[in-house]
Amino acid sequence: MEKQIKEIIVVNFKSIFGLEIQDDLIQFQETKKEFQGDLTLVLFPLIKLLRTSPIEVGQKIGDFLKNNISSIRDFNVVSGFLNIVLSENYWIDSLNEIERNVSYGYVDQDSKSTIMVEYSSPNTNKPLHLGHLRNNFLGYSVSEILKANGYKVIKTQIVNDRGIHICKSMVAWNNFSPLNEKGEKETPENTGVKGDKLVGKYYVEFEKHLNVEIDSIISSWKSGDFQGFNKEIITEYTRLIKSINKEDGKSISKIDSKIEDLARSNSSLMFEAKEMLRKWENKDPEVYLLWSKMNGWVYAGFDITYKSMGVDFDKIYYESDTFILGKDLVFEGLKNGVFYKKNDGSVWIDLSEYGLDQKLVLRSDGTAVYVTQDVGTAVDRYRDYIDLDRIVYTVGNEQDYHFKVLFLILEKLGYTWAKKCFHLSYGMVDLPTGKMKSREGTIVDADELIEDVINNAKEITQERGHIGDMNDDEKNELFHLIGMGGLKYYLLKVDPKKRMMFNPEDSIELNGNTGPFIQYTHARIKSMLRKVNHFDQIKYVSILSEEKEIIKQLLKFPSVIKEAGENYSPALIANYTYELVKSYNSFYQAIPILIEKNLEIKNMRLVLSKNVAKVIYLAMRLLGVQVPERM
RNA sequence: GGGCCAGUAGCUCAGCUGGAUAGAGCACCUCCCUUCUAAGGAGGCGGUCAAAGGUUCGAAUCCUUUCUGGCUCACCA
């Protein structure tokens with residue numbers, strides 16, 4: 001409607017006012033509740049142009065529109081605003097049109113280009129936690145939103161399966177795992193512990209033993225015992241100790257942590273871990289076997305978590321496969337002068353012309369760093385998918401700098417698609433107690449949280465007592481759907497860019513702006529519709545303001561999907577749905593439907609309800625939230 | 001210190017490229033189940049939009065400065 005009005009004004013502006021107009025001066029907004037009307041044209045820009053009174057401009061345009069657009073019934077001008085009143089038939093026609101379209105609001109699948117969405121991308125040394133949940137729900141949802149915008153989407157993740165972190169778990173498992181009566185070390189099978197949890201346990205175990213070793217190293221250094229350490233270390237240590245005496249109290253802790261680092265990098269455990277990494281890069285059979293065994297445990301564990309989260313992937317990349325290509329690309333870029341080599345053999349890129357620093361891309365020992373791998377992975381992806389248009393990286397905002405660097409490197413290497421790549425940067429999840437810190441044991445485990453929200457849903461749902469006749473499978477499915485719906489909605493309703501507060505109590509809340517509130521409205525509509533046999537095309541009946549309000553909301557859905565796609569923001573979908581549901585509940589509470597005597601009006605209200613349920617379903621699907629038939 | 005991001009009701013958050021008297025939920029206080037699911041609805045209380053300048057018909061929104069908080073500037077990932 002806005003588009004139509006805009007066009008007709010632009011085309012006829014000259015004949016009404018005698019001069020041309022730019023179409024961006026035609027600005028609409030929703031009519032405020034206090035005024036009569038359905039759509040409001042802001043007159044200020046026109047007044048400025050025409051140098052006449054708002055009343056005059058508004059009157060002229062209003063008259064013209066009323067005479068030329070049949071669905072415009074009336075208008076009024078209030079201090080610089082032209083409020084347009086649409087006819088009742090317009091709303092009925094709109095509703096009939098929405099009813100005809102089963103996937104209303106969605107653009108035809110695959111009508112646009114191909115986008116790869118990377119999300120999740122875990123390390124294989126620890127279980128998934130709350131931060132990963134935001135990441136996974138966000139990545140999944142953005143993928144679905146882009147699909148609804150007509151893009152072909154490839155969901156992917158890059159598994160960080162190699163590096164010093166996984167070697168730490170391997171070393172700890174080798175050294176510290178107890179043996180059972182059969183003489184076996186701990187495995188998921190013989191302990192019943194989920195694979196990712198078991199490997200994570202040994203990562204923690206490594207750090208514990210390491211800390212003990214560091215403490216003992218430092219205390220022997222303090223007592224002057226340097227046996228087993230070479231001269232460089234001793235010199236460095238004495239230099240640090242001396243500098244303490246010169247410095248004030250503030251920097252003592254800084255120096256302490258430097259001493260700690262020195263002890264760490266010279267501990268026997270770190271040496272073992274590094275040695276294992278070196279062996280792994282040389283494809284030492286024994287190490288490789290252990291590595292793939294322990295990673296296998298982790299994947300099996302992750303699969304369980306992914307399944308209950310309801311996310312999936314079309315293609316998985318592993319860093320162990322892509323880091324070599326990254327190195328090759330660096331050598332190539334070195335020849336082309338994109339990179340330069342320092343005396344110690346390390347390779348760098350100078351990004352100071354873009355306001356960034358110089359950045360290392362290859363260590364002096366020739367091994368790859370993080371960004372090197374990412375270069376390799378990106379190029380690999382464009383080789384795998386010829387028609388790939390862009391990659392969306394769902395990664396936390398602590399890596400903003402990293403992605404700036406990555407995209408610039410790719411650009412300098414001559415890849416034109418680099419400009420289109422996008423870092424979907426989201427904020428951290430804080431707890432009421434502050435940041436999540438592994439050292440302080442405040443990490444919220446994903447599996448445990450999921451279990452909690454499902455149990456809570458179970459408790460409340462049983463209390464409500466609408467599902468007495470369901471069998472156990474149906475019930476459990478429902479509890480899962482409600483619990484996860486609440487959790488996903490909670491994490492997705494906030495603008496992804498912003499850091500957010502995760503309050504465990506609020507997250508299982510079922511009232512107000514929550515997933516279950518929306519699911520409940522859907523269930524309520526569905527159970528009402530179950531009592532109806534058929535629906536007719538709606539006749540031109542008169543409609544109430546509550547009904548009109550809902551149709552207005554429904555009409556917004558396509559543009560909300562578009563906007564959510566452009567901004568990579570599930571929050572827009574969530575907030576939209578909440579508004580829709582609120583309007584509907586208001587209507588539902590105040591106006592009879594099934595018991596309405598006038599059959600044409602009753603039919604209209606039923607079709608309206610049916611389409612609210614449809615849009616709730618379609619919108620929630622974009623968030624990965626399912627909606628129940630009853631609850 | 002350099003770069004980036006944020007600051008809106010007691011708490012958690014909306015507020016689109018500047019537009020009418022800044023909105024929700026939670027919490028607190030009133031009401032409403034002999035109508036279809038009360039996980040609901042109607043109403044009340046609650047704001048110097050961090051602060052100060054500026055841009056203009058008009059600023060929570062744009063610009064500058066200051067304050068506060070976060071992230072980042074590794075031969076970690």
# chains A, B, ... in the order shown; residues from 1 in each chain; ligands from 1
call {"tool": "interface_residues", "arguments": {"of": "chain A", "to": "chain B", "cutoff": "8 Å", "atoms": "only C-alpha atoms (C1' of nucleotides)", "output": "number ranges by chain"}}
result
A: 32, 42, 44, 81, 346, 356, 360, 362-364, 370, 397-401, 466, 494, 498, 501, 510-513, 516-517, 520, 523-524, 527-528, 575, 585-586, 589-590, 592-595
call {"tool": "residues_around", "arguments": {"residues": "range 374-383 of chain A", "least_positions_apart": "3", "cutoff": "10 Å", "atoms": "only C-alpha atoms (C1' of nucleotides)", "output": "ChimeraX atom specification"}}
result
/A:116,158,317-319,321-330,361,369-371,386-391,402-403,406-407,409-410,413,415,417-418,421
call {"tool": "write_last_selection", "arguments": {"atoms": "C-alpha atoms", "output": "PDB file, in the first residue's frame"}}
result
ATOM      1  CA  MET A 116      27.547 -20.182   3.342  1.00  0.00           C
ATOM      2  CA  ILE A 158      34.965 -25.406  11.061  1.00  0.00           C
ATOM      3  CA  TYR A 317      35.341 -28.484   7.654  1.00  0.00           C
ATOM      4  CA  TYR A 318      38.252 -29.544   9.840  1.00  0.00           C
ATOM      5  CA  GLU A 319      41.248 -27.376  10.488  1.00  0.00           C
ATOM      6  CA  ASP A 321      42.436 -30.527   6.562  1.00  0.00           C
ATOM      7  CA  THR A 322      42.690 -26.862   5.695  1.00  0.00           C
ATOM      8  CA  PHE A 323      45.751 -25.495   7.491  1.00  0.00           C
ATOM      9  CA  ILE A 324      48.137 -26.829   4.838  1.00  0.00           C
ATOM     10  CA  LEU A 325      46.363 -24.929   2.082  1.00  0.00           C
ATOM     11  CA  GLY A 326      46.649 -21.780   4.170  1.00  0.00           C
ATOM     12  CA  LYS A 327      50.394 -22.222   4.343  1.00  0.00           C
ATOM     13  CA  ASP A 328      50.621 -22.770   0.601  1.00  0.00           C
ATOM     14  CA  LEU A 329      48.677 -19.597  -0.016  1.00  0.00           C
ATOM     15  CA  VAL A 330      51.080 -17.696   2.215  1.00  0.00           C
ATOM     16  CA  VAL A 361      50.887 -15.120   9.211  1.00  0.00           C
ATOM     17  CA  VAL A 369      48.760 -19.532  13.023  1.00  0.00           C
ATOM     18  CA  TYR A 370      45.021 -19.084  13.386  1.00  0.00           C
ATOM     19  CA  VAL A 371      44.566 -16.582  10.563  1.00  0.00           C
ATOM     20  CA  ILE A 386      31.674 -22.701  -7.464  1.00  0.00           C
ATOM     21  CA  ASP A 387      28.570 -20.525  -7.121  1.00  0.00           C
ATOM     22  CA  LEU A 388      29.354 -19.373  -3.596  1.00  0.00           C
ATOM     23  CA  ASP A 389      28.596 -15.680  -3.243  1.00  0.00           C
ATOM     24  CA  ARG A 390      29.571 -14.965   0.337  1.00  0.00           C
ATOM     25  CA  ILE A 391      30.445 -16.480   3.684  1.00  0.00           C
ATOM     26  CA  HIS A 402      40.734 -11.012  13.563  1.00  0.00           C
ATOM     27  CA  PHE A 403      38.074 -10.880  10.872  1.00  0.00           C
ATOM     28  CA  LEU A 406      41.295 -12.012   7.561  1.00  0.00           C
ATOM     29  CA  PHE A 407      39.118 -10.180   5.034  1.00  0.00           C
ATOM     30  CA  ILE A 409      44.404 -10.531   3.672  1.00  0.00           C
ATOM     31  CA  LEU A 410      41.980 -12.320   1.360  1.00  0.00           C
ATOM     32  CA  LEU A 413      45.577 -11.967  -2.146  1.00  0.00           C
ATOM     33  CA  TYR A 415      40.011 -12.689  -4.025  1.00  0.00           C
ATOM     34  CA  TRP A 417      34.659 -12.237  -2.990  1.00  0.00           C
ATOM     35  CA  ALA A 418      36.483 -11.129   0.155  1.00  0.00           C
ATOM     36  CA  CYS A 421      32.208 -11.877   3.366  1.00  0.00           C
TER      37      CYS A 421
END
call {"tool": "select_by_dssp", "arguments": {"residues": "range 440-548 of chain A", "states": "helix (DSSP H, G or I)", "output": "PyMOL selection string"}}
result
chain A and resi 446-464+472-492+504-507+515-529+545-548
call {"tool": "residues_around", "arguments": {"residues": "range 129-135 of chain A", "least_positions_apart": "3", "cutoff": "8 Å", "atoms": "only C-alpha atoms (C1' of nucleotides)", "output": "NGL selection string"}}
result
:A and (119-120 or 122 or 138-139 or 394-396 or 426 or 428-429 or 443-447 or 449 or 491-492)
call {"tool": "closest_residue", "arguments": {"among": "B:G1, B:U55, B:G44, B:A60", "to": "C29 in chain B", "atoms": "only C-alpha atoms (C1' of nucleotides)"}}
result
B:G44
call {"tool": "select_by_dssp", "arguments": {"residues": "range 287-351 of chain A", "states": "strand (DSSP E or B)", "output": "count of residues only"}}
result
10
